[in-house]
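Student: Here it is, the structure in full.
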Amino acid sequence: MRAALDRMVADRQTPGGVVAAGTVGGAVTEYAATGTTGVGGSVVPGPTTFYDVASLTKVVATWPLVGRAVAHGLLGLEAPLSDHIRTPIPGPGAAVTVRQILTHTSGLMPATRLDRYTGDSRDLAEMILSEPLVTPGEHRYINRGFILLGLLLARVHGKSLRALVDDFGGDLGSSGFRYGPFLADDRVAPTERRLVGGYPLHGVVHDENAAALGGVAGHAGVFAHAQGLAELAHHFLSAQQGRGPLTAIGAYVGESWKPAVRVDATNSRGLAWLITDTGLVHHRGFTGTGMYLDPATGRYLVVLTNAIAYGRERCGLAELHALALAQFDD
């Protein structure tokens, strides 16, 4: 993996990156870093360099928070959203369940585009639920569902999603994942330069829809470092084995890592996560990040890059993703 990242850096496919790998019960987590953070051209990333993890937010923040809410009886996987988000005039989305959102089978509109609601006085959750559904029951990767889950979590707990994630990290004794913004310094890798002559996004969320929500959303917005995500991976795998600080959601984790709906030739979707036909569990983020877990062996792999800094084509990431999955073949 280090060699692959070295090649990507040499080919200007990413400024740099960090890999973390370990096994539940193993003595240490191994780290490898290469290139630069993209700050000033000389700062080398490390295990505590924060990256915008984009859609990994879904599985490192929203998914476990939903599991905790289910375990505490605040949410039900089969309950329609109308049980918690009461609209004056129920729309088609009111019947969508938490399980359907987690499996990306809700039928909510696939185009997120929250900017269309700017200046509208109506409640965002109500507006999303009022819109028509598109092929419910069919797998379609939909950010809007996780945006709704973020809003839903805030409602049932009576506190912001940012506070919920901070509390979650505090319970685990970790400050390695949290919502921004951050100071634009060498602790944080920048992402995309959106306009020629402008400055890269640095310490603020890359995802436009999360930005419209103030940088805090259920689908994107979390920044994390390799050490923090390695610790989370360890906790998730331990919970599935009935051990560790997340044992209360152990059954939920186990259910999440069972195939629920077919996605493509080699993957199914569980609750939030993708599951390969060989049983590996994984998820990626648009900025150039990924987390890979093997419940059978307790092995985990975290990959953090800011490949988006070199353009939205994100060349080399598909090959890096395939290589990451291949590490579990032996």
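Each chain of the structure tokens is named A, B, ... in the order shown, its residues numbered from 1; ligands are numbered from 1 in display order.
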For range 92-103 of chain A, please output as a PyMOL selection string all residues within 6 Å (counting only C-alpha atoms; exclusion window: fewer than 2 positions along the same chain).

Tutor: chain A and resi 77-82+90+105-106+129-130+132+145+270-272

Student: Limited to C-alpha atoms, could you put the picked residues into a file as a PDB file, in the first residue's frame?

Tutor:
ATOM      1  CA  LEU A  77     -35.025   0.355  12.071  1.00  0.00           C
ATOM      2  CA  GLU A  78     -38.499  -0.429  10.726  1.00  0.00           C
ATOM      3  CA  ALA A  79     -40.162   2.781  11.932  1.00  0.00           C
ATOM      4  CA  PRO A  80     -41.242   5.293   9.272  1.00  0.00           C
ATOM      5  CA  LEU A  81     -39.597   8.693   9.473  1.00  0.00           C
ATOM      6  CA  SER A  82     -43.022  10.207  10.109  1.00  0.00           C
ATOM      7  CA  PRO A  90     -47.153  14.157   5.029  1.00  0.00           C
ATOM      8  CA  THR A 105     -33.233   1.521  -0.961  1.00  0.00           C
ATOM      9  CA  SER A 106     -35.416   4.425   0.232  1.00  0.00           C
ATOM     10  CA  LEU A 129     -39.879  14.162   2.680  1.00  0.00           C
ATOM     11  CA  SER A 130     -42.410  16.043   0.568  1.00  0.00           C
ATOM     12  CA  PRO A 132     -41.580  12.228  -4.904  1.00  0.00           C
ATOM     13  CA  GLY A 145     -31.153   9.691   3.296  1.00  0.00           C
ATOM     14  CA  GLY A 270     -25.711  -4.134   4.418  1.00  0.00           C
ATOM     15  CA  LEU A 271     -26.699  -1.326   6.765  1.00  0.00           C
ATOM     16  CA  ALA A 272     -24.587   1.542   5.379  1.00  0.00           C
TER      17      ALA A 272
END

Student: So which residues touch range 117-125 of chain A within 8 Å, counting only C-alpha atoms, skipping near sequence neighbours fewer than 6 positions away, as a list in words?

Tutor: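 Returned residues: Ile85, Leu148 and Leu151 of chain A.
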
Student: What are the nearest atom pairs, with distances in Å to one decimal, for all residues of range 70-171 of chain A that come at most 12 Å from range 248-251 of chain A, using only C-alpha atoms, set out by chain and rising residue number as CSV?

Tutor:
residue,atom,partner,partner_atom,distance
A:Val70,CA,A:Ile249,CA,8.4
A:Ala71,CA,A:Ile249,CA,6.3
A:His72,CA,A:Ala248,CA,9.0
A:Gly73,CA,A:Ile249,CA,11.8

Student: Dump all heavy atoms for the selected residues as a short mmCIF file (atom, residue, chain, number, x, y, z; two decimals), in the first residue's frame?

Tutor:
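Output below, filename again.cif:
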data_model
loop_
_atom_site.label_atom_id
_atom_site.label_comp_id
_atom_site.auth_asym_id
_atom_site.auth_seq_id
_atom_site.Cartn_x
_atom_site.Cartn_y
_atom_site.Cartn_z
N VAL A 70 -30.85 3.14 18.37
CA VAL A 70 -31.67 1.92 18.32
C VAL A 70 -31.52 1.13 19.62
O VAL A 70 -32.51 0.66 20.21
CB VAL A 70 -31.27 1.05 17.11
CG1 VAL A 70 -31.92 -0.32 17.19
CG2 VAL A 70 -31.66 1.75 15.80
N ALA A 71 -30.28 1.00 20.09
CA ALA A 71 -30.03 0.25 21.32
C ALA A 71 -30.71 0.89 22.53
O ALA A 71 -31.13 0.19 23.47
CB ALA A 71 -28.52 0.14 21.58
N HIS A 72 -30.85 2.22 22.51
CA HIS A 72 -31.48 2.94 23.62
C HIS A 72 -32.98 3.12 23.43
O HIS A 72 -33.63 3.80 24.23
CB HIS A 72 -30.82 4.31 23.79
CG HIS A 72 -29.40 4.23 24.24
ND1 HIS A 72 -28.44 5.16 23.88
CD2 HIS A 72 -28.76 3.31 25.02
CE1 HIS A 72 -27.28 4.83 24.43
NE2 HIS A 72 -27.45 3.72 25.12
N GLY A 73 -33.53 2.54 22.37
CA GLY A 73 -34.97 2.61 22.14
C GLY A 73 -35.46 3.94 21.61
O GLY A 73 -36.67 4.21 21.62
#

Student: With only C-alpha atoms as the counted atoms, please give the residues lying no more than 10 Å from range 294-303 of chain A, apart from itself and same-chain residues fewer than 4 positions off, as JSON, numbers by chain.

Tutor: {"A": [1, 5, 17, 18, 19, 20, 21, 22, 23, 24, 25, 26, 29, 30, 31, 32, 33, 53, 225, 226, 227, 228, 229, 230, 231, 233, 234, 236, 237, 238, 240, 241, 254, 257, 275, 278, 279, 280, 281, 282, 284, 288, 289, 290, 320, 321, 324, 325, 327, 328]}

Student: Using DSSP on the backbone coordinates, identify all residues within range 21-231 of chain A classified as alpha helix (DSSP H); present the result as a PyMOL selection string.

Tutor: chain A and resi 57+63-71+98-102+124-130+143-157+161-171+208-212+226-231
